[in-house]
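See below for model31.cif, which holds mmCIF, C-alpha atoms.
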```cif
data_entry
#
loop_
_atom_site.group_PDB
_atom_site.id
_atom_site.type_symbol
_atom_site.label_atom_id
_atom_site.label_comp_id
_atom_site.auth_asym_id
_atom_site.auth_seq_id
_atom_site.Cartn_x
_atom_site.Cartn_y
_atom_site.Cartn_z
ATOM 1 C CA MET A 19 75.977 113.612 138.492
ATOM 2 C CA GLN A 20 78.250 111.100 136.751
ATOM 3 C CA HIS A 21 77.095 112.221 133.267
ATOM 4 C CA ARG A 22 78.044 115.849 133.859
ATOM 5 C CA VAL A 23 81.366 114.917 135.461
ATOM 6 C CA ALA A 24 82.248 112.550 132.624
ATOM 7 C CA MET A 25 81.371 115.094 129.940
ATOM 8 C CA LYS A 26 83.562 117.764 131.560
ATOM 9 C CA ALA A 27 86.457 115.317 131.854
ATOM 10 C CA LEU A 28 86.417 114.350 128.176
ATOM 11 C CA ASP A 29 88.050 117.512 126.875
ATOM 12 C CA VAL A 30 90.891 117.252 129.395
ATOM 13 C CA PHE A 31 91.799 113.701 128.374
ATOM 14 C CA GLN A 32 91.305 114.372 124.675
ATOM 15 C CA ALA A 33 93.371 117.565 124.659
ATOM 16 C CA ASN A 34 96.231 115.814 126.456
ATOM 17 C CA ARG A 35 95.946 112.615 124.379
ATOM 18 C CA HIS A 36 95.444 110.457 127.482
ATOM 19 C CA VAL A 37 93.288 107.341 127.392
ATOM 20 C CA LEU A 38 90.073 107.422 129.446
ATOM 21 C CA ILE A 39 88.004 104.284 130.013
ATOM 22 C CA VAL A 40 84.544 105.123 131.364
ATOM 23 C CA PRO A 41 83.138 102.164 133.369
ATOM 24 C CA CYS A 42 79.902 103.668 134.701
ATOM 25 C CA ALA A 43 78.652 106.868 133.044
ATOM 26 C CA THR A 44 76.136 106.009 130.320
ATOM 27 C CA GLY A 45 75.276 109.266 128.526
ATOM 28 C CA THR A 46 75.143 108.653 124.787
ATOM 29 C CA ALA A 47 77.235 111.757 124.070
ATOM 30 C CA ILE A 48 80.260 110.478 126.023
ATOM 31 C CA THR A 49 81.571 108.290 123.201
ATOM 32 C CA ALA A 50 79.952 110.369 120.456
ATOM 33 C CA LYS A 51 81.628 113.714 121.141
ATOM 34 C CA TYR A 52 84.776 112.724 119.242
ATOM 35 C CA PRO A 53 84.946 110.307 116.272
ATOM 36 C CA PRO A 54 86.543 106.985 117.334
ATOM 37 C CA ALA A 55 89.443 107.395 114.912
ATOM 38 C CA GLU A 56 90.524 110.473 116.883
ATOM 39 C CA SER A 57 89.044 109.741 120.293
ATOM 40 C CA TYR A 58 90.932 108.675 123.413
ATOM 41 C CA VAL A 59 87.648 107.958 125.217
ATOM 42 C CA PHE A 60 86.467 104.355 125.677
ATOM 43 C CA ARG A 61 83.561 102.872 127.627
ATOM 44 C CA THR A 62 82.538 99.557 129.205
ATOM 45 C CA SER A 63 78.998 100.538 130.274
ATOM 46 C CA ALA A 64 75.884 100.407 128.087
ATOM 47 C CA ARG A 65 75.154 103.824 126.691
ATOM 48 C CA ASP A 66 71.709 105.326 127.146
ATOM 49 C CA GLN A 67 70.817 105.028 123.481
ATOM 50 C CA LEU A 68 71.009 101.251 123.903
ATOM 51 C CA GLN A 69 69.216 101.242 127.248
ATOM 52 C CA THR A 70 66.290 103.374 126.068
ATOM 53 C CA GLN A 71 65.805 101.272 122.935
ATOM 54 C CA PHE A 72 65.952 98.096 125.022
ATOM 55 C CA LEU A 73 63.239 99.380 127.366
ATOM 56 C CA VAL A 74 60.968 100.567 124.556
ATOM 57 C CA ASP A 75 61.358 97.229 122.747
ATOM 58 C CA GLU A 76 60.353 95.419 125.950
ATOM 59 C CA ILE A 77 57.327 97.671 126.443
ATOM 60 C CA VAL A 78 56.178 97.141 122.851
ATOM 61 C CA LYS A 79 56.660 93.373 123.223
ATOM 62 C CA ARG A 80 54.219 93.471 126.137
ATOM 63 C CA GLY A 81 51.575 95.230 124.036
ATOM 64 C CA LEU A 82 51.824 98.465 125.998
ATOM 65 C CA ASN A 83 51.622 101.766 124.123
ATOM 66 C CA LYS A 84 50.842 104.558 126.582
ATOM 67 C CA VAL A 85 54.191 105.228 128.183
ATOM 68 C CA ALA A 86 54.580 107.831 130.936
ATOM 69 C CA LEU A 87 58.024 109.355 131.419
ATOM 70 C CA LEU A 88 59.197 110.629 134.816
ATOM 71 C CA VAL A 89 62.601 112.207 134.248
ATOM 72 C CA ASP A 90 64.936 114.170 136.480
ATOM 73 C CA SER A 91 65.936 117.708 135.464
ATOM 74 C CA THR A 92 69.713 117.173 135.367
ATOM 75 C CA GLY A 93 71.866 116.925 132.253
ATOM 76 C CA TYR A 94 71.564 113.159 132.586
ATOM 77 C CA GLY A 95 67.792 113.518 132.482
ATOM 78 C CA ASP A 96 67.882 115.906 129.523
ATOM 79 C CA ALA A 97 69.990 113.493 127.478
ATOM 80 C CA GLY A 98 67.952 110.489 128.593
ATOM 81 C CA LEU A 99 64.671 112.156 127.638
ATOM 82 C CA LYS A 100 66.023 112.860 124.166
ATOM 83 C CA ASP A 101 67.007 109.198 123.761
ATOM 84 C CA LEU A 102 63.676 107.987 125.173
ATOM 85 C CA GLU A 103 61.631 110.129 122.798
ATOM 86 C CA ALA A 104 63.757 108.962 119.869
ATOM 87 C CA ALA A 105 63.311 105.293 120.827
ATOM 88 C CA LEU A 106 59.547 105.750 121.220
ATOM 89 C CA GLY A 107 59.457 107.511 117.851
ATOM 90 C CA ARG A 108 61.087 104.514 116.173
ATOM 91 C CA ALA A 109 58.164 102.461 117.540
ATOM 92 C CA ASN A 110 55.704 105.053 116.221
ATOM 93 C CA LEU A 111 54.820 106.064 119.769
ATOM 94 C CA LYS A 112 54.741 109.329 121.666
ATOM 95 C CA PRO A 113 54.910 109.677 125.450
ATOM 96 C CA GLN A 114 51.498 109.604 127.082
ATOM 97 C CA ALA A 115 52.833 112.158 129.565
ATOM 98 C CA VAL A 116 56.184 113.655 130.536
ATOM 99 C CA VAL A 117 56.927 115.014 134.021
ATOM 100 C CA ARG A 118 60.279 116.385 135.196
ATOM 101 C CA PHE A 119 61.551 116.640 138.762
ATOM 102 C CA LYS A 120 64.617 117.801 140.685
ATOM 103 C CA VAL A 121 67.011 115.329 142.246
ATOM 104 C CA GLY A 122 66.997 115.238 146.008
ATOM 105 C CA VAL A 123 63.230 114.905 146.304
ATOM 106 C CA THR A 124 61.847 112.707 149.057
ATOM 107 C CA SER A 125 58.417 112.162 147.520
ATOM 108 C CA LEU A 126 56.962 112.141 144.010
ATOM 109 C CA GLU A 127 53.410 111.269 144.945
ATOM 110 C CA GLU A 128 51.938 114.398 143.345
ATOM 111 C CA GLU A 129 53.793 113.712 140.105
ATOM 112 C CA MET A 130 52.732 110.063 140.263
ATOM 113 C CA ARG A 131 49.053 111.005 140.566
ATOM 114 C CA GLN A 132 49.431 113.274 137.563
ATOM 115 C CA LEU A 133 50.924 110.472 135.490
ATOM 116 C CA LYS A 134 48.320 107.988 136.706
ATOM 117 C CA ALA A 135 45.549 110.390 135.646
ATOM 118 C CA SER A 136 47.024 110.511 132.134
ATOM 119 C CA GLY A 137 45.852 106.956 131.484
ATOM 120 C CA ALA A 138 49.379 105.622 130.964
ATOM 121 C CA ASP A 139 49.809 101.841 130.978
ATOM 122 C CA SER A 140 53.525 101.831 131.808
ATOM 123 C CA LEU A 141 56.123 104.034 133.484
ATOM 124 C CA ILE A 142 59.752 104.732 132.685
ATOM 125 C CA GLY A 143 61.545 106.567 135.473
ATOM 126 C CA TRP A 144 64.791 108.071 134.207
ATOM 127 C CA THR A 145 67.105 109.074 137.021
ATOM 128 C CA VAL A 146 69.817 107.740 139.328
ATOM 129 C CA GLY A 147 69.634 105.274 142.212
ATOM 130 C CA PRO A 148 68.128 107.149 145.179
ATOM 131 C CA GLU A 149 65.488 108.928 143.107
ATOM 132 C CA SER A 150 64.620 105.636 141.385
ATOM 133 C CA GLY A 151 63.753 104.406 144.862
ATOM 134 C CA VAL A 152 61.621 107.483 145.497
ATOM 135 C CA ILE A 153 59.738 106.721 142.273
ATOM 136 C CA SER A 154 59.035 103.154 143.410
ATOM 137 C CA ALA A 155 57.916 104.235 146.883
ATOM 138 C CA SER A 156 55.658 106.968 145.469
ATOM 139 C CA ARG A 157 54.121 104.648 142.885
ATOM 140 C CA ALA A 158 53.255 102.196 145.652
ATOM 141 C CA ALA A 159 51.897 104.992 147.867
ATOM 142 C CA VAL A 160 49.352 106.115 145.263
ATOM 143 C CA GLY A 161 48.431 102.545 144.334
ATOM 144 C CA TRP A 162 49.459 102.788 140.689
ATOM 145 C CA LYS A 163 50.108 99.241 139.558
ATOM 146 C CA VAL A 164 51.506 99.732 136.046
ATOM 147 C CA PRO A 165 54.960 98.203 135.449
ATOM 148 C CA GLN A 166 57.903 100.430 136.342
ATOM 149 C CA PHE A 167 60.906 100.412 134.011
ATOM 150 C CA GLY A 168 64.208 102.190 134.419
ATOM 151 C CA PRO A 169 67.870 102.355 133.408
ATOM 152 C CA TRP A 170 70.647 100.606 135.240
ATOM 153 C CA GLY A 171 70.482 103.030 138.201
ATOM 154 C CA LEU A 172 67.277 101.320 139.285
ATOM 155 C CA SER A 173 69.437 98.322 140.216
ATOM 156 C CA HIS A 174 71.569 100.244 142.721
ATOM 157 C CA ALA A 175 71.247 99.352 146.393
ATOM 158 C CA SER A 176 70.422 103.007 147.033
ATOM 159 C CA ALA A 177 67.199 102.520 145.057
ATOM 160 C CA PHE A 178 66.254 99.540 147.219
ATOM 161 C CA ASP A 179 67.113 101.385 150.439
ATOM 162 C CA LYS A 180 65.369 104.628 149.509
ATOM 163 C CA SER A 181 62.204 102.778 148.537
ATOM 164 C CA ALA A 182 62.238 100.596 151.676
ATOM 165 C CA GLY A 183 61.995 97.577 149.371
ATOM 166 C CA LYS A 184 59.215 98.957 147.169
ATOM 167 C CA VAL A 185 61.438 98.435 144.102
ATOM 168 C CA GLU A 186 60.452 94.755 144.224
ATOM 169 C CA GLY A 187 59.215 93.817 140.743
ATOM 170 C CA ALA A 188 60.649 96.922 139.035
ATOM 171 C CA LEU A 189 62.380 96.255 135.710
ATOM 172 C CA MET A 190 65.777 97.593 134.633
ATOM 173 C CA VAL A 191 68.481 97.254 132.007
ATOM 174 C CA GLN A 192 71.514 95.201 133.065
ATOM 175 C CA THR A 193 74.824 94.138 131.559
ATOM 176 C CA VAL A 194 75.467 91.618 134.327
ATOM 177 C CA LEU A 195 73.456 89.972 137.100
ATOM 178 C CA PRO A 196 74.417 87.691 140.013
ATOM 179 C CA ASN A 197 74.625 84.152 138.673
ATOM 180 C CA PRO A 198 76.032 81.323 140.837
ATOM 181 C CA PHE A 199 76.300 79.067 137.775
ATOM 182 C CA LEU A 200 78.846 81.320 136.035
ATOM 183 C CA GLU A 201 82.314 80.768 137.479
ATOM 184 C CA ARG A 202 83.808 84.222 136.891
ATOM 185 C CA ASN A 203 80.592 85.878 138.036
ATOM 186 C CA SER A 204 80.303 83.958 141.291
ATOM 187 C CA THR A 205 84.056 84.145 142.012
ATOM 188 C CA PHE A 206 83.974 87.913 141.549
ATOM 189 C CA LEU A 207 81.046 88.287 143.946
ATOM 190 C CA ARG A 208 82.683 86.059 146.593
ATOM 191 C CA SER A 209 85.926 88.022 146.362
ATOM 192 C CA TYR A 210 84.056 91.317 146.522
ATOM 193 C CA GLY A 211 82.150 90.067 149.548
ATOM 194 C CA LYS A 212 85.418 89.496 151.413
ATOM 195 C CA LEU A 213 86.340 93.164 150.974
ATOM 196 C CA GLY A 214 82.984 94.735 151.754
ATOM 197 C CA LYS A 215 79.908 93.922 153.790
ATOM 198 C CA GLU A 216 77.318 95.467 151.462
ATOM 199 C CA GLN A 217 74.172 93.395 151.275
ATOM 200 C CA PRO A 218 73.042 93.616 148.586
ATOM 201 C CA ILE A 219 76.185 94.859 146.837
ATOM 202 C CA GLY A 220 75.890 98.585 146.107
ATOM 203 C CA SER A 221 76.103 98.178 142.341
ATOM 204 C CA MET A 222 77.289 94.942 140.787
ATOM 205 C CA MET A 223 77.352 96.567 137.353
ATOM 206 C CA SER A 224 79.600 99.412 138.523
ATOM 207 C CA ALA A 225 81.974 97.001 140.250
ATOM 208 C CA ALA A 226 82.114 94.450 137.428
ATOM 209 C CA GLN A 227 82.441 96.994 134.628
ATOM 210 C CA THR A 228 85.229 98.776 136.508
ATOM 211 C CA TYR A 229 87.000 95.480 137.185
ATOM 212 C CA ASP A 230 86.853 94.571 133.505
ATOM 213 C CA SER A 231 88.027 98.069 132.509
ATOM 214 C CA VAL A 232 91.161 97.735 134.630
ATOM 215 C CA HIS A 233 91.982 94.363 133.082
ATOM 216 C CA LEU A 234 91.385 95.617 129.545
ATOM 217 C CA LEU A 235 93.752 98.526 130.204
ATOM 218 C CA LEU A 236 96.339 96.220 131.797
ATOM 219 C CA ARG A 237 96.281 93.980 128.716
ATOM 220 C CA ALA A 238 96.649 97.026 126.494
ATOM 221 C CA MET A 239 99.741 98.034 128.469
ATOM 222 C CA PHE A 240 101.317 94.664 127.675
ATOM 223 C CA ASP A 241 100.180 94.808 124.038
ATOM 224 C CA SER A 242 101.721 98.261 123.621
ATOM 225 C CA LYS A 243 105.188 96.708 124.129
ATOM 226 C CA GLY A 244 106.414 99.536 126.269
ATOM 227 C CA ASP A 245 104.722 102.406 124.463
ATOM 228 C CA LEU A 246 102.596 103.793 127.289
ATOM 229 C CA SER A 247 101.824 107.045 125.504
ATOM 230 C CA GLY A 248 98.191 107.887 124.881
ATOM 231 C CA ALA A 249 98.571 107.018 121.208
ATOM 232 C CA GLY A 250 100.252 103.727 122.065
ATOM 233 C CA LEU A 251 97.556 102.661 124.529
ATOM 234 C CA LYS A 252 94.773 103.798 122.195
ATOM 235 C CA LYS A 253 96.177 101.610 119.417
ATOM 236 C CA ALA A 254 96.580 98.669 121.792
ATOM 237 C CA LEU A 255 93.008 98.969 123.111
ATOM 238 C CA GLU A 256 91.667 99.067 119.551
ATOM 239 C CA ASN A 257 93.749 96.072 118.447
ATOM 240 C CA PRO A 258 93.904 93.522 121.292
ATOM 241 C CA SER A 259 96.172 90.540 120.821
ATOM 242 C CA ASN A 260 93.952 88.087 122.664
ATOM 243 C CA THR A 261 90.572 87.472 124.249
ATOM 244 C CA TYR A 262 89.838 88.666 127.791
ATOM 245 C CA ARG A 263 87.386 86.560 129.775
ATOM 246 C CA GLY A 264 85.843 89.135 132.052
ATOM 247 C CA VAL A 265 83.036 89.275 134.593
ATOM 248 C CA VAL A 266 80.483 91.045 132.401
ATOM 249 C CA THR A 267 81.298 89.030 129.285
ATOM 250 C CA THR A 268 84.097 87.543 127.210
ATOM 251 C CA TYR A 269 85.687 90.345 125.227
ATOM 252 C CA GLU A 270 87.113 89.094 121.949
ATOM 253 C CA ARG A 271 87.543 92.698 120.831
ATOM 254 C CA ALA A 272 86.054 95.195 123.257
ATOM 255 C CA PHE A 273 87.101 98.179 121.140
ATOM 256 C CA SER A 274 88.157 98.895 117.574
ATOM 257 C CA PRO A 275 89.340 101.941 115.589
ATOM 258 C CA THR A 276 85.693 102.585 114.650
ATOM 259 C CA ASP A 277 83.889 101.652 117.896
ATOM 260 C CA HIS A 278 84.870 102.648 121.430
ATOM 261 C CA ASP A 279 81.827 101.133 123.194
ATOM 262 C CA ALA A 280 82.448 97.662 124.629
ATOM 263 C CA ILE A 281 78.738 96.857 125.039
ATOM 264 C CA SER A 282 76.443 96.191 122.092
ATOM 265 C CA ALA A 283 72.658 95.859 122.094
ATOM 266 C CA ASN A 284 72.651 92.041 122.103
ATOM 267 C CA MET A 285 74.502 91.972 125.437
ATOM 268 C CA LEU A 286 71.740 93.485 127.595
ATOM 269 C CA TRP A 287 69.499 91.649 130.056
ATOM 270 C CA LEU A 288 66.166 92.571 131.583
ATOM 271 C CA GLY A 289 66.703 92.559 135.320
ATOM 272 C CA THR A 290 64.292 92.874 138.217
ATOM 273 C CA TRP A 291 64.341 93.180 141.992
ATOM 274 C CA ARG A 292 63.239 89.873 143.501
ATOM 275 C CA ASN A 293 63.515 88.890 147.170
ATOM 276 C CA GLN A 294 65.776 91.845 147.964
ATOM 277 C CA GLU A 295 68.269 91.031 145.205
ATOM 278 C CA ARG A 296 68.667 91.650 141.502
ATOM 279 C CA GLY A 297 67.811 88.786 139.223
ATOM 280 C CA TYR A 298 66.929 87.948 135.640
ATOM 281 C CA PHE A 299 63.314 88.803 134.899
ATOM 282 C CA TYR A 300 63.027 85.966 132.403
ATOM 283 C CA LYS A 301 63.918 82.554 133.784
ATOM 284 C CA GLU A 302 65.031 81.451 130.330
ATOM 285 C CA ASP A 303 67.611 84.254 130.367
ATOM 286 C CA GLU A 304 69.035 82.867 133.591
ATOM 287 C CA ARG A 305 69.230 79.406 132.039
ATOM 288 C CA ARG A 306 70.956 80.568 128.862
ATOM 289 C CA ALA A 307 73.297 83.073 130.518
ATOM 290 C CA GLY A 308 76.053 80.490 130.266
ATOM 291 C CA VAL A 309 76.119 81.162 126.525
ATOM 292 C CA ILE A 310 78.334 84.236 126.473
ATOM 293 C CA ARG A 311 76.882 87.245 124.695
ATOM 294 C CA ARG A 312 79.838 88.632 122.798
ATOM 295 C CA LYS A 313 79.953 92.074 121.289
ATOM 296 C CA GLN A 314 78.577 92.359 117.790
ATOM 297 C CA GLU A 315 80.913 94.717 115.980
ATOM 298 C CA GLY A 316 79.120 97.684 114.509
ATOM 299 C CA THR A 317 75.956 97.272 116.615
ATOM 300 C CA ALA A 318 76.912 99.364 119.622
ATOM 301 C CA ASP A 319 74.565 101.990 118.170
ATOM 302 C CA ALA A 320 71.047 100.580 118.377
ATOM 303 C CA THR A 321 69.873 102.875 115.599
ATOM 304 C CA LYS A 322 72.318 101.617 112.964
#
```
Take the structure in the file and give it back as structure tokens.
Amino acid sequence: MQHRVAMKALDVFQANRHVLIVPCATGTAITAKYPPAESYVFRTSARDQLQTQFLVDEIVKRGLNKVALLVDSTGYGDAGLKDLEAALGRANLKPQAVVRFKVGVTSLEEEMRQLKASGADSLIGWTVGPESGVISASRAAVGWKVPQFGPWGLSHASAFDKSAGKVEGALMVQTVLPNPFLERNSTFLRSYGKLGKEQPIGSMMSAAQTYDSVHLLLRAMFDSKGDLSGAGLKKALENPSNTYRGVVTTYERAFSPTDHDAISANMLWLGTWRNQERGYFYKEDERRAGVIRRKQEGTADATK
């Protein structure tokens, strides 16, 4: 699991004072383990604390208040459940039901019937791509028609494949979505398409966030003026000399000495599976996506 791997890697990079930019793993603890002033760990993905709050806010906006949680039993699931319960608590809600499961399952129909019987009016499945697909397929199999929400892993092609397309209509947190009207977005996807034949692309978020991470590091190498030590690159990442126009967003200052998360709460989109591809759930979001959502300094933590 990417969360467990990332957490184990942190101590190695920190102890050796080497910069680590995390483009995919989203566990809240990854950038919280060390205070930013001392930390050599940076991230360009949206941490789970932001994702869980975003989902709960969306559920509350829809007038739903009986939320069922279906969470895998990995470390990623443990951390996600903690963030989910905290986000629900801030909305004065408690989970209607909580069910855990092991990754690798091929069916969750029994668990889905249990959650359906609880009287829940919405479902958050917290797991990675393939198991997100199993959730969608099992929900369809038992005829439970409540909306399904999930973190960014629900947008992976593995979720679509594993569900045999039953993820259609599912809702997930996104930092970037395919948009032919955004030049850097569409150019990136065309270039990616020349290198791979994935249809749909395995994970646009993973690819775009990694692409932007490489460019942010490259710019830091130039800004460091030859000091490629960990301390030199850390200082350069925290104090960029210019704006980087990336695929996910335009980064005026992705990182600072007090904030090592490049994504803030205002930068998230509600995505959905539509016609075998990811898209904006709200059409108005698609129309206004041309207005770049820049990081709001000091708001990377949704609870502050």
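Nearest to A:Val160 of all the residues A:Met130, A:Leu172, A:Ala86, A:Val194 is A:Met130, counting only C-alpha atoms.
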Calculated over only C-alpha atoms, which of the candidates A:Val123, A:Ala158, A:Phe167, A:Lys51 has the smallest distance to A:Val85? A:Phe167
Which is closest to A:Gln227 among A:Ser156, A:Asn203, A:Ser274, A:Thr193, if we use all atoms listed in the file?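 Closest to A:Gln227 of all the choices is A:Thr193.
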Result set of the PyMOL selection byres ((chain A and resi 218) around 12) on the coordinates above, as a PDB file with C-alpha atoms, in the coordinates of the input:
```pdb
ATOM      1  CA  SER A 173      69.437  98.322 140.216  1.00  0.00           C
ATOM      2  CA  HIS A 174      71.569 100.244 142.721  1.00  0.00           C
ATOM      3  CA  ALA A 175      71.247  99.352 146.393  1.00  0.00           C
ATOM      4  CA  SER A 176      70.422 103.007 147.033  1.00  0.00           C
ATOM      5  CA  ALA A 177      67.199 102.520 145.057  1.00  0.00           C
ATOM      6  CA  PHE A 178      66.254  99.540 147.219  1.00  0.00           C
ATOM      7  CA  ASP A 179      67.113 101.385 150.439  1.00  0.00           C
ATOM      8  CA  GLY A 183      61.995  97.577 149.371  1.00  0.00           C
ATOM      9  CA  PRO A 196      74.417  87.691 140.013  1.00  0.00           C
ATOM     10  CA  LEU A 207      81.046  88.287 143.946  1.00  0.00           C
ATOM     11  CA  TYR A 210      84.056  91.317 146.522  1.00  0.00           C
ATOM     12  CA  GLY A 211      82.150  90.067 149.548  1.00  0.00           C
ATOM     13  CA  GLY A 214      82.984  94.735 151.754  1.00  0.00           C
ATOM     14  CA  LYS A 215      79.908  93.922 153.790  1.00  0.00           C
ATOM     15  CA  GLU A 216      77.318  95.467 151.462  1.00  0.00           C
ATOM     16  CA  GLN A 217      74.172  93.395 151.275  1.00  0.00           C
ATOM     17  CA  ILE A 219      76.185  94.859 146.837  1.00  0.00           C
ATOM     18  CA  GLY A 220      75.890  98.585 146.107  1.00  0.00           C
ATOM     19  CA  SER A 221      76.103  98.178 142.341  1.00  0.00           C
ATOM     20  CA  MET A 222      77.289  94.942 140.787  1.00  0.00           C
ATOM     21  CA  TRP A 291      64.341  93.180 141.992  1.00  0.00           C
ATOM     22  CA  ARG A 292      63.239  89.873 143.501  1.00  0.00           C
ATOM     23  CA  ASN A 293      63.515  88.890 147.170  1.00  0.00           C
ATOM     24  CA  GLN A 294      65.776  91.845 147.964  1.00  0.00           C
ATOM     25  CA  GLU A 295      68.269  91.031 145.205  1.00  0.00           C
ATOM     26  CA  ARG A 296      68.667  91.650 141.502  1.00  0.00           C
ATOM     27  CA  GLY A 297      67.811  88.786 139.223  1.00  0.00           C
TER      28      GLY A 297
END
```
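With distances restricted to all atoms listed in the file, A:Gly168 is the closest residue to A:Ile77 from A:Gly45, A:Pro54, A:Gly168, A:Gly93.
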Identify which of the residues A:Ala24, A:Leu286, A:Ala43, A:Met190 lies closest to A:Thr228, counting only C-alpha atoms when measuring atom-to-atom distances.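 Closest to A:Thr228, using only C-alpha atoms: A:Ala43.
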How about completing stretch 221-227 of chain A with all heavy atoms and giving it to me as a tab-separated table (two decimals), keeping the file's coordinate frame?
```tsv
chain	number	residue	atom	x	y	z
A	221	SER	N	76.40	98.22	143.77
A	221	SER	CA	76.10	98.18	142.34
A	221	SER	C	77.01	97.16	141.69
A	221	SER	O	78.19	97.42	141.44
A	221	SER	CB	76.31	99.55	141.68
A	221	SER	OG	76.20	99.45	140.28
A	222	MET	N	76.47	95.98	141.41
A	222	MET	CA	77.29	94.94	140.79
A	222	MET	C	77.79	95.40	139.43
A	222	MET	O	78.93	95.13	139.04
A	222	MET	CB	76.50	93.64	140.64
A	222	MET	CG	77.34	92.53	140.01
A	222	MET	SD	76.47	90.99	139.80
A	222	MET	CE	77.79	89.98	139.07
A	223	MET	N	76.94	96.11	138.67
A	223	MET	CA	77.35	96.57	137.35
A	223	MET	C	78.54	97.51	137.45
A	223	MET	O	79.52	97.37	136.70
A	223	MET	CB	76.18	97.24	136.62
A	223	MET	CG	75.17	96.27	136.06
A	223	MET	SD	73.79	97.11	135.23
A	223	MET	CE	74.64	97.92	133.88
A	224	SER	N	78.48	98.47	138.36
A	224	SER	CA	79.60	99.41	138.52
A	224	SER	C	80.89	98.66	138.86
A	224	SER	O	81.95	98.93	138.28
A	224	SER	CB	79.29	100.42	139.63
A	224	SER	OG	78.18	101.20	139.32
A	225	ALA	N	80.79	97.74	139.80
A	225	ALA	CA	81.97	97.00	140.25
A	225	ALA	C	82.53	96.12	139.14
A	225	ALA	O	83.74	96.11	138.88
A	225	ALA	CB	81.63	96.16	141.48
A	226	ALA	N	81.66	95.38	138.47
A	226	ALA	CA	82.11	94.45	137.43
A	226	ALA	C	82.65	95.18	136.21
A	226	ALA	O	83.68	94.80	135.64
A	226	ALA	CB	80.96	93.53	137.03
A	227	GLN	N	81.98	96.24	135.80
A	227	GLN	CA	82.44	96.99	134.63
A	227	GLN	C	83.77	97.69	134.90
A	227	GLN	O	84.63	97.77	134.02
A	227	GLN	CB	81.38	98.01	134.21
A	227	GLN	CG	80.16	97.34	133.58
A	227	GLN	CD	78.93	98.24	133.47
A	227	GLN	OE1	77.89	97.81	132.99
A	227	GLN	NE2	79.04	99.48	133.90
```
